[in-house]
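Containing compact mmCIF, C-alpha atoms and all ligand atoms: data-v1.txt.
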# COMPACT_ATOMS: atom_id res chain seq x y z
CA VAL O 28 8.58 36.89 66.53
CA SER O 29 10.49 40.10 67.26
CA GLY O 30 7.29 41.78 68.56
CA SER O 31 6.58 38.97 70.99
CA LEU O 32 10.23 38.93 72.08
CA ARG O 33 9.97 42.63 72.84
CA ASP O 34 6.84 42.00 74.90
CA THR O 35 8.78 39.68 77.23
CA ARG O 36 11.56 42.15 78.04
CA HIS O 37 10.28 43.12 81.50
CA GLU O 38 9.80 39.46 82.40
CA VAL O 39 13.36 38.57 81.32
CA ALA O 40 14.77 41.63 83.11
CA THR O 41 12.98 40.56 86.32
CA ARG O 42 14.59 37.12 86.11
CA LEU O 43 18.03 38.73 85.67
CA ILE O 44 17.43 41.02 88.66
CA ARG O 45 16.49 37.97 90.78
CA ALA O 46 19.81 36.41 89.72
CA GLY O 47 21.66 39.48 91.06
CA LEU O 48 22.25 41.35 87.79
CA ALA O 49 21.32 44.96 87.04
CA PRO O 50 19.71 45.00 83.57
CA ARG O 51 18.42 48.17 81.96
CA VAL O 52 15.28 47.99 79.82
CA ASP O 53 15.15 50.02 76.58
CA GLN O 54 18.70 51.33 76.86
CA LEU O 55 19.28 53.67 73.91
CA MET O 56 22.31 52.38 72.02
CA SER O 57 22.96 55.86 70.63
CA ARG O 58 24.15 56.72 74.15
CA THR O 59 26.99 54.22 74.16
CA GLY O 60 28.23 53.38 70.65
CA TYR O 61 31.03 55.30 68.93
CA TRP O 62 28.71 56.39 66.12
CA ARG O 63 26.09 57.69 68.60
CA ILE O 64 23.45 55.90 66.51
CA GLY O 65 20.86 53.21 67.21
CA GLY O 66 17.54 52.50 68.88
CA PRO O 67 16.77 50.76 72.18
CA ALA O 68 18.30 47.51 73.34
CA ASP O 69 15.36 45.63 74.89
CA ILE O 70 17.59 44.55 77.77
CA TYR O 71 21.15 45.80 78.28
CA VAL O 72 23.25 44.19 80.97
CA ASP O 73 26.84 44.28 82.20
CA VAL O 74 28.21 40.94 83.41
CA SER O 75 31.29 40.77 85.60
CA ASP O 76 32.04 37.05 85.79
CA MET O 77 31.45 33.71 84.07
CA HIS O 78 28.55 32.83 86.34
CA GLN O 79 26.64 36.00 85.42
CA LEU O 80 27.38 35.41 81.75
CA SER O 81 26.01 31.88 81.94
CA VAL O 82 22.83 33.21 83.63
CA VAL O 83 22.36 35.56 80.65
CA LEU O 84 23.00 32.80 78.12
CA GLY O 85 20.54 30.54 79.94
CA GLN O 86 17.58 32.91 79.32
CA ASP O 87 16.62 31.38 75.98
CA VAL O 88 16.42 34.75 74.22
CA PRO O 89 18.81 36.02 71.52
CA CYS O 90 21.98 37.52 72.94
CA THR O 91 24.17 40.17 71.29
CA VAL O 92 27.60 40.81 72.81
CA VAL O 93 29.10 44.27 72.48
CA GLY O 94 32.61 45.36 73.26
CA ASN O 95 33.34 49.07 73.12
CA GLY O 96 30.83 49.71 70.29
CA SER O 97 33.56 51.07 68.02
CA ASN O 98 32.66 48.92 65.03
CA LEU O 99 28.90 48.62 65.46
CA LEU O 100 26.10 50.00 63.30
CA VAL O 101 23.03 49.55 65.50
CA ALA O 102 19.63 49.56 63.74
CA ASP O 103 17.25 52.47 64.38
CA ALA O 104 14.70 49.88 65.61
CA GLY O 105 17.18 48.74 68.25
CA ILE O 106 18.24 45.27 69.39
CA ARG O 107 15.83 42.52 70.43
CA GLY O 108 16.68 40.17 73.28
CA ILE O 109 19.65 40.73 75.60
CA THR O 110 22.64 42.93 74.80
CA VAL O 111 25.57 42.04 77.03
CA ARG O 112 28.88 43.74 77.84
CA LEU O 113 31.80 42.18 79.70
CA ILE O 114 33.19 44.06 82.72
CA GLY O 115 34.79 43.24 86.11
CA GLU O 116 36.66 39.90 86.23
CA LEU O 117 36.08 39.60 82.49
CA ARG O 118 38.59 42.47 82.10
CA ALA O 119 41.36 40.95 84.24
CA THR O 120 44.93 40.34 83.03
CA GLN O 121 47.39 37.73 84.26
CA VAL O 122 50.97 37.19 83.11
CA GLU O 123 51.97 33.58 82.34
CA GLU O 124 55.68 32.72 81.91
CA GLY O 125 56.80 29.41 80.43
CA ALA O 126 59.17 27.70 78.00
CA GLY O 127 61.04 30.93 77.21
CA ALA O 128 57.89 32.84 76.24
CA THR O 129 55.89 35.48 78.07
CA CYS O 130 52.14 35.48 77.60
CA VAL O 131 49.27 37.39 79.11
CA ARG O 132 45.81 35.92 79.70
CA VAL O 133 43.36 38.72 79.12
CA GLY O 134 39.63 39.03 79.87
CA ALA O 135 37.88 39.86 76.60
CA GLY O 136 36.10 42.92 78.01
CA ILE O 137 39.30 44.88 78.64
CA LEU O 138 39.81 47.90 76.40
CA ASN O 139 42.83 47.68 74.09
CA GLN O 140 44.24 50.97 75.35
CA VAL O 141 43.96 49.88 79.01
CA LEU O 142 45.73 46.63 78.17
CA LEU O 143 48.53 48.41 76.29
CA ARG O 144 49.07 50.79 79.23
CA ARG O 145 49.05 47.94 81.76
CA LEU O 146 51.62 45.96 79.73
CA ASP O 147 53.82 49.03 79.26
CA GLU O 148 53.80 49.69 83.03
CA GLN O 149 55.14 46.16 83.52
CA GLY O 150 57.82 46.52 80.81
CA MET O 151 55.95 44.38 78.26
CA TYR O 152 54.99 45.13 74.65
CA GLY O 153 54.17 43.36 71.40
CA LEU O 154 50.56 44.43 70.82
CA ALA O 155 51.34 47.72 69.05
CA ALA O 156 48.95 46.62 66.29
CA LEU O 157 46.15 47.68 68.67
CA ALA O 158 47.51 51.19 69.30
CA GLY O 159 44.75 53.68 68.50
CA VAL O 160 42.13 50.95 67.87
CA PRO O 161 39.42 52.01 70.33
CA GLY O 162 37.83 48.60 70.95
CA SER O 163 37.94 45.81 73.50
CA VAL O 164 40.09 42.68 73.18
CA GLY O 165 36.97 40.56 72.46
CA GLY O 166 35.96 42.92 69.65
CA ALA O 167 39.54 42.98 68.37
CA ILE O 168 39.69 39.18 68.19
CA ARG O 169 36.26 38.91 66.56
CA MET O 170 37.40 41.38 63.84
CA ASN O 171 41.11 40.43 63.80
CA ALA O 172 41.65 44.15 64.35
CA GLY O 173 44.88 45.62 63.11
CA THR O 174 46.77 48.51 61.63
CA SER O 175 49.88 49.04 59.53
CA LEU O 176 51.77 47.65 62.56
CA GLY O 177 50.13 44.19 62.32
CA GLU O 178 47.03 42.33 63.49
CA ILE O 179 46.02 40.93 66.87
CA GLY O 180 45.77 37.43 65.36
CA GLU O 181 49.58 37.31 65.06
CA ARG O 182 49.79 37.36 68.88
CA VAL O 183 46.95 34.99 69.78
CA VAL O 184 47.93 31.62 71.29
CA GLU O 185 44.41 30.47 72.25
CA VAL O 186 40.96 31.88 72.92
CA ASP O 187 38.25 30.75 75.34
CA VAL O 188 34.68 31.16 74.13
CA LEU O 189 31.20 30.35 75.37
CA LEU O 190 29.08 28.83 72.63
CA PRO O 191 25.35 29.62 72.42
CA GLY O 192 23.73 27.77 75.31
CA GLY O 193 26.78 28.52 77.48
CA HIS O 194 29.10 25.61 76.53
CA PRO O 195 32.78 26.52 77.01
CA ARG O 196 35.35 25.82 74.30
CA ARG O 197 39.06 26.56 73.93
CA LEU O 198 40.20 27.35 70.37
CA THR O 199 43.81 27.52 69.17
CA ALA O 200 45.07 30.26 66.87
CA ALA O 201 45.21 27.69 64.04
CA GLU O 202 41.53 26.82 64.56
CA LEU O 203 40.66 30.51 64.51
CA ASN O 204 42.23 30.83 61.05
CA PHE O 205 42.95 34.58 61.30
CA SER O 206 43.13 36.58 58.06
CA TYR O 207 42.54 40.22 57.10
CA ARG O 208 39.71 41.43 59.42
CA HIS O 209 38.53 37.84 59.76
CA CYS O 210 38.55 35.29 62.57
CA ALA O 211 36.67 31.98 62.55
CA VAL O 212 34.98 32.44 65.95
CA PRO O 213 31.92 30.15 65.74
CA ASN O 214 28.64 31.96 65.03
CA GLY O 215 27.05 33.34 68.18
CA ALA O 216 30.09 32.49 70.37
CA ILE O 217 31.20 34.97 73.02
CA VAL O 218 34.96 35.41 73.43
CA VAL O 219 35.60 35.48 77.17
CA SER O 220 39.42 35.51 77.32
CA ALA O 221 42.54 35.14 75.22
CA LEU O 222 46.13 34.10 75.77
CA LEU O 223 48.36 36.58 73.92
CA ARG O 224 52.11 36.35 73.31
CA VAL O 225 54.01 39.47 74.43
CA ASP O 226 57.68 40.56 74.55
CA ARG O 227 59.73 41.70 77.49
CA ASN O 228 63.17 43.29 77.04
CA ALA O 229 64.32 46.82 77.83
CA ALA O 230 65.78 47.75 74.43
CA GLY O 231 62.76 46.41 72.57
CA LEU O 232 60.40 48.30 74.88
CA GLU O 233 61.95 51.68 74.02
CA ALA O 234 61.82 50.92 70.27
CA ALA O 235 58.19 49.77 70.55
CA ARG O 236 57.24 52.97 72.41
CA ALA O 237 58.81 55.14 69.69
CA GLN O 238 57.12 53.14 66.92
CA THR O 239 53.71 53.42 68.63
CA ALA O 240 54.06 57.18 69.18
CA ALA O 241 54.90 57.77 65.49
CA HIS O 242 52.01 55.54 64.43
CA LEU O 243 49.49 57.43 66.64
CA GLU O 244 50.76 60.74 65.28
CA ARG O 245 50.16 59.55 61.69
CA ARG O 246 46.61 58.47 62.58
CA ARG O 247 45.81 61.81 64.19
CA ALA O 248 46.95 63.57 61.03
CA THR O 249 44.84 61.50 58.62
CA GLN O 250 41.67 60.43 60.48
CA PRO O 251 38.65 62.50 61.65
CA LEU O 252 39.08 61.48 65.28
CA ASP O 253 37.14 64.48 66.61
CA GLN O 254 33.79 63.30 65.17
CA PRO O 255 31.68 60.20 65.99
CA SER O 256 32.48 57.38 63.56
CA CYS O 257 33.25 53.67 63.55
CA GLY O 258 36.59 53.94 61.79
CA SER O 259 36.85 52.31 58.37
CA VAL O 260 33.42 51.43 57.01
CA PHE O 261 34.69 49.08 54.27
CA ARG O 262 37.48 46.54 54.19
CA ASN O 263 40.28 47.37 51.77
CA PRO O 264 39.99 45.28 48.60
CA PRO O 265 43.14 43.34 47.62
CA GLY O 266 45.85 45.74 46.45
CA ASP O 267 43.81 48.92 46.90
CA ALA O 268 42.32 51.17 49.58
CA ALA O 269 38.56 51.59 50.03
CA GLY O 270 39.09 55.27 50.98
CA ARG O 271 40.97 55.97 47.74
CA LEU O 272 38.23 54.31 45.65
CA ILE O 273 35.40 56.23 47.38
CA GLU O 274 37.28 59.51 47.03
CA ALA O 275 37.89 58.79 43.32
CA SER O 276 34.14 58.20 42.89
CA GLY O 277 33.56 61.81 43.96
CA LEU O 278 31.76 61.09 47.22
CA LYS O 279 34.09 62.75 49.74
CA GLY O 280 31.97 65.14 51.80
CA HIS O 281 28.66 63.69 50.50
CA ARG O 282 25.82 63.93 53.07
CA ARG O 283 22.67 62.01 53.88
CA GLY O 284 20.65 63.37 56.81
CA GLY O 285 23.10 63.81 59.69
CA ALA O 286 25.73 61.47 58.20
CA GLN O 287 28.64 62.49 55.99
CA ILE O 288 31.39 60.70 54.07
CA SER O 289 34.30 62.34 55.86
CA GLU O 290 36.11 65.19 54.13
CA ARG O 291 39.27 63.95 55.84
CA HIS O 292 39.18 60.22 55.04
CA ALA O 293 36.61 58.87 52.57
CA ASN O 294 36.39 55.43 54.21
CA PHE O 295 35.02 57.07 57.39
CA ILE O 296 31.36 58.07 57.70
CA VAL O 297 30.93 60.64 60.45
CA ASN O 298 27.85 61.59 62.45
CA GLU O 299 27.56 65.35 62.18
CA GLY O 300 24.67 65.32 64.68
CA GLY O 301 21.39 63.42 64.66
CA ALA O 302 22.44 60.84 62.02
CA THR O 303 20.30 57.71 61.91
CA ALA O 304 21.36 54.19 61.04
CA ALA O 305 19.26 54.59 57.86
CA ASP O 306 21.33 57.66 56.87
CA VAL O 307 24.56 55.70 57.28
CA TYR O 308 23.09 52.71 55.46
CA ASP O 309 22.14 54.91 52.48
CA LEU O 310 25.71 56.26 52.28
CA VAL O 311 27.14 52.74 52.58
CA LEU O 312 24.98 51.57 49.64
CA LEU O 313 25.74 54.69 47.60
CA ALA O 314 29.53 54.38 48.09
CA ARG O 315 29.50 50.65 47.37
CA ASN O 316 27.37 51.12 44.20
CA ARG O 317 29.36 54.11 42.86
CA VAL O 318 32.68 52.33 43.33
CA HIS O 319 31.27 49.23 41.67
CA ALA O 320 29.94 51.20 38.69
CA ALA O 321 33.30 52.93 38.19
CA THR O 322 35.69 50.02 38.81
CA GLY O 323 33.79 46.72 39.00
CA ILE O 324 35.12 46.28 42.56
CA VAL O 325 32.53 45.27 45.19
CA LEU O 326 33.49 46.81 48.54
CA GLU O 327 32.65 44.65 51.58
CA PRO O 328 31.58 46.36 54.83
CA GLU O 329 33.96 46.13 57.77
CA VAL O 330 31.49 47.55 60.30
CA HIS O 331 29.09 45.07 61.89
CA ALA O 332 25.38 45.76 61.59
CA VAL O 333 23.44 44.57 64.63
CA GLY O 334 19.83 44.76 65.75
CA GLU O 335 16.53 44.66 63.90
CA TRP O 336 17.04 45.93 60.34
CA PRO O 337 14.40 46.02 57.60
CA ALA O 338 14.33 42.65 55.76
CA GLY O 339 16.94 42.41 53.01
CA SER O 340 19.24 45.17 54.36
CA TRP O 341 22.16 42.92 55.36
CA PRO O 342 24.09 41.38 53.79
CA LEU O 343 23.98 44.31 51.35
CA PRO O 344 21.90 43.53 48.23
CA PRO O 345 24.08 42.93 45.13
CA PRO O 346 25.14 46.20 43.40
C1 LIG K 1 38.26 56.18 65.29
C2 LIG K 1 38.29 54.70 65.01
C3 LIG K 1 39.43 54.13 64.47
C4 LIG K 1 39.47 52.75 64.22
N1 LIG K 1 40.61 52.22 63.71
C5 LIG K 1 40.69 50.89 63.50
C6 LIG K 1 41.91 50.30 63.01
O1 LIG K 1 42.90 50.96 62.78
N2 LIG K 1 41.92 48.95 62.82
C7 LIG K 1 40.84 48.17 63.08
O2 LIG K 1 40.94 46.93 62.91
N3 LIG K 1 39.69 48.69 63.54
C8 LIG K 1 39.59 50.02 63.76
N4 LIG K 1 38.42 50.57 64.22
C9 LIG K 1 37.23 49.71 64.39
C10 LIG K 1 37.10 49.08 65.78
O3 LIG K 1 37.74 49.85 66.77
C11 LIG K 1 37.64 47.65 65.81
O4 LIG K 1 36.98 46.83 64.86
C12 LIG K 1 37.49 47.02 67.19
O5 LIG K 1 38.18 45.79 67.20
C13 LIG K 1 36.04 46.77 67.60
O6 LIG K 1 36.04 46.38 68.97
P1 LIG K 1 34.84 46.72 69.94
O7 LIG K 1 35.16 46.15 71.26
O8 LIG K 1 34.51 48.17 69.91
O9 LIG K 1 33.70 45.86 69.27
P2 LIG K 1 32.19 46.28 68.98
O10 LIG K 1 32.15 47.38 68.00
O11 LIG K 1 31.46 46.46 70.25
O12 LIG K 1 31.69 44.95 68.26
C14 LIG K 1 32.19 44.58 66.98
C15 LIG K 1 31.79 43.13 66.69
O13 LIG K 1 32.50 42.28 67.58
C16 LIG K 1 31.58 41.49 68.33
N5 LIG K 1 32.13 41.33 69.68
C17 LIG K 1 32.48 42.29 70.57
N6 LIG K 1 32.94 41.72 71.71
C18 LIG K 1 32.89 40.39 71.51
C19 LIG K 1 33.21 39.24 72.32
N7 LIG K 1 33.68 39.37 73.56
N8 LIG K 1 32.99 38.02 71.79
C20 LIG K 1 32.51 37.85 70.54
N9 LIG K 1 32.19 38.88 69.74
C21 LIG K 1 32.37 40.14 70.21
C22 LIG K 1 30.26 42.28 68.32
O14 LIG K 1 29.15 41.44 68.53
C23 LIG K 1 30.31 42.85 66.91
O15 LIG K 1 29.90 41.89 65.97
C24 LIG K 1 38.34 51.95 64.49
C25 LIG K 1 37.20 52.53 65.05
C26 LIG K 1 37.16 53.90 65.31
C27 LIG K 1 35.93 54.49 65.93

Is it possible to give me this structure as structure tokens?
Amino acid sequence: VSGSLRDTRHEVATRLIRAGLAPRVDQLMSRTGYWRIGGPADIYVDVSDMHQLSVVLGQDVPCTVVGNGSNLLVADAGIRGITVRLIGELRATQVEEGAGATCVRVGAGILNQVLLRRLDEQGMYGLAALAGVPGSVGGAIRMNAGTSLGEIGERVVEVDVLLPGGHPRRLTAAELNFSYRHCAVPNGAIVVSALLRVDRNAAGLEAARAQTAAHLERRRATQPLDQPSCGSVFRNPPGDAAGRLIEASGLKGHRRGGAQISERHANFIVNEGGATAADVYDLVLLARNRVHAATGIVLEPEVHAVGEWPAGSWPLPPP
């Protein structure tokens, strides 16, 4: 099936061009993702409004949405079908005031750091949980991204998604059932926008700025931010830290091909140059198996594997 899908990529790209889009065929994902890893996306396309997105979803080929690629492990064989990224109008922000609360409706393609800056310029705050998280709002919602300062789910009022086939649906925060790095976005749904609760008062703004600055400073001191990575590879198990467990298993600094378990933070795997997805996968399995052998704890990956992996790779086989 995947071979025949690949054969149709020029045909599908031609249809998208006729509809006014600018798809790229065989776009190397290692050029865009944070890890600098991954083979070709058959068709990679930016969409700037809902109409363009519905054209993409109407093509009857599998569709993978990417945000900023900061939590993606893309297979060496690449991604079949269409890979889509939200830009333009799908990155817009609009303030909505009502019933004593200030909210902002945000296009899911906007980068967290752009949103935080835009809010700050208008005297608004409340999303400090996203400070230093290098993704888009869509990716943040999908992962319920967060830090020691909180999680995005705490600020979500409602989310608009397109279901596979292009059907729109509005989901409330309660329906999304946010928990640690989890959000119940339906399978295959694309988050297109979100209504987020923010704060607006002068004293609070100054305190939030100071808190964010201290938080960013702490991150710079403890994380290998100068090397390609996707942040934390594993979720923290209840009551413990994945990084501590991997370090205790003696794997800090361990290498496979061009990939290394960071010397700085053992829950980061860094690309030292030329790492493949297979190199990272081997380290993921090794870390998970070593920690399991030593402690009985089964670490669960936080990064999302996308694309065409060898059969049986994901979910990870039991330790
Ligand atoms: C240096 C570094 C530090 C990090 N620190 C943190 C941290 O402190 N806390 C934290 O939570 N994360 C952290 N991360 C991981 C990452 O930034 C977050 O998980 C982020 O939310 C991913 O967003 P993204 O837009 O890059 O998504 P991507 O990596 O592009 O995609 C991640 C997943 O979300 C899906 N997705 C993306 N956009 C949409 C959409 N619009 N609709 C539906 N699904 C979508 C993708 O299909 C994929 O399954 C870090 C990463 C790096 C590189």

* Write as a PyMOL selection string the residues around ligand LIG 1 (chain K), taking 6 Å as the cut-off and counting only C-alpha atoms and all ligand atoms. => chain O and resi 61+91-99+135+160-163+165-167+169-170+172-174+216-219+252+256-258+331

Can you write out the residues you just picked, keeping C-alpha atoms, as an mmCIF file, in the frame of the given file?
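Wrote it out as result-v1.cif, contents follow:
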data_model
loop_
_atom_site.group_PDB
_atom_site.id
_atom_site.type_symbol
_atom_site.label_atom_id
_atom_site.label_comp_id
_atom_site.auth_asym_id
_atom_site.auth_seq_id
_atom_site.Cartn_x
_atom_site.Cartn_y
_atom_site.Cartn_z
ATOM 1 C CA TYR O 61 31.030 55.300 68.930
ATOM 2 C CA THR O 91 24.170 40.170 71.290
ATOM 3 C CA VAL O 92 27.600 40.810 72.810
ATOM 4 C CA VAL O 93 29.100 44.270 72.480
ATOM 5 C CA GLY O 94 32.610 45.360 73.260
ATOM 6 C CA ASN O 95 33.340 49.070 73.120
ATOM 7 C CA GLY O 96 30.830 49.710 70.290
ATOM 8 C CA SER O 97 33.560 51.070 68.020
ATOM 9 C CA ASN O 98 32.660 48.920 65.030
ATOM 10 C CA LEU O 99 28.900 48.620 65.460
ATOM 11 C CA ALA O 135 37.880 39.860 76.600
ATOM 12 C CA VAL O 160 42.130 50.950 67.870
ATOM 13 C CA PRO O 161 39.420 52.010 70.330
ATOM 14 C CA GLY O 162 37.830 48.600 70.950
ATOM 15 C CA SER O 163 37.940 45.810 73.500
ATOM 16 C CA GLY O 165 36.970 40.560 72.460
ATOM 17 C CA GLY O 166 35.960 42.920 69.650
ATOM 18 C CA ALA O 167 39.540 42.980 68.370
ATOM 19 C CA ARG O 169 36.260 38.910 66.560
ATOM 20 C CA MET O 170 37.400 41.380 63.840
ATOM 21 C CA ALA O 172 41.650 44.150 64.350
ATOM 22 C CA GLY O 173 44.880 45.620 63.110
ATOM 23 C CA THR O 174 46.770 48.510 61.630
ATOM 24 C CA ALA O 216 30.090 32.490 70.370
ATOM 25 C CA ILE O 217 31.200 34.970 73.020
ATOM 26 C CA VAL O 218 34.960 35.410 73.430
ATOM 27 C CA VAL O 219 35.600 35.480 77.170
ATOM 28 C CA LEU O 252 39.080 61.480 65.280
ATOM 29 C CA SER O 256 32.480 57.380 63.560
ATOM 30 C CA CYS O 257 33.250 53.670 63.550
ATOM 31 C CA GLY O 258 36.590 53.940 61.790
ATOM 32 C CA HIS O 331 29.090 45.070 61.890
#

* Of the candidates O:Met77, O:Val141, O:Gly284, O:Asp147, which shows the shortest atom-to-atom distance to Gly115 in chain O, using all atoms listed in the file? ->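 Counting all atoms listed in the file, the residue closest to Gly115 in chain O is O:Met77.
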
* Within 12 Å of (18.2, 27.1, 79.9) (coordinates as in the file), grab all the protein and nucleic acid residues, counting all atoms listed in the file, and write them out as JSON, numbers by chain. => {"O": [81, 82, 83, 84, 85, 86, 87, 88, 191, 192, 193, 194]}

* **From O:Ala230, O:Val133, O:Ala40, O:Leu138, residue lying nearest Gly150 in chain O [all atoms listed in the file]** => O:Ala230

* Can you tell me how far CA of Asp53 in chain O sits from CA of Pro337 in chain O, in Å to one decimal? ->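 CA of Pro337 in chain O lies at a distance of 19.4 Å from CA of Asp53 in chain O.
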
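Atom pair CA of Ala269 in chain O / CA of Gln287 in chain O has a distance of 15.9 Å (rounded to one decimal).
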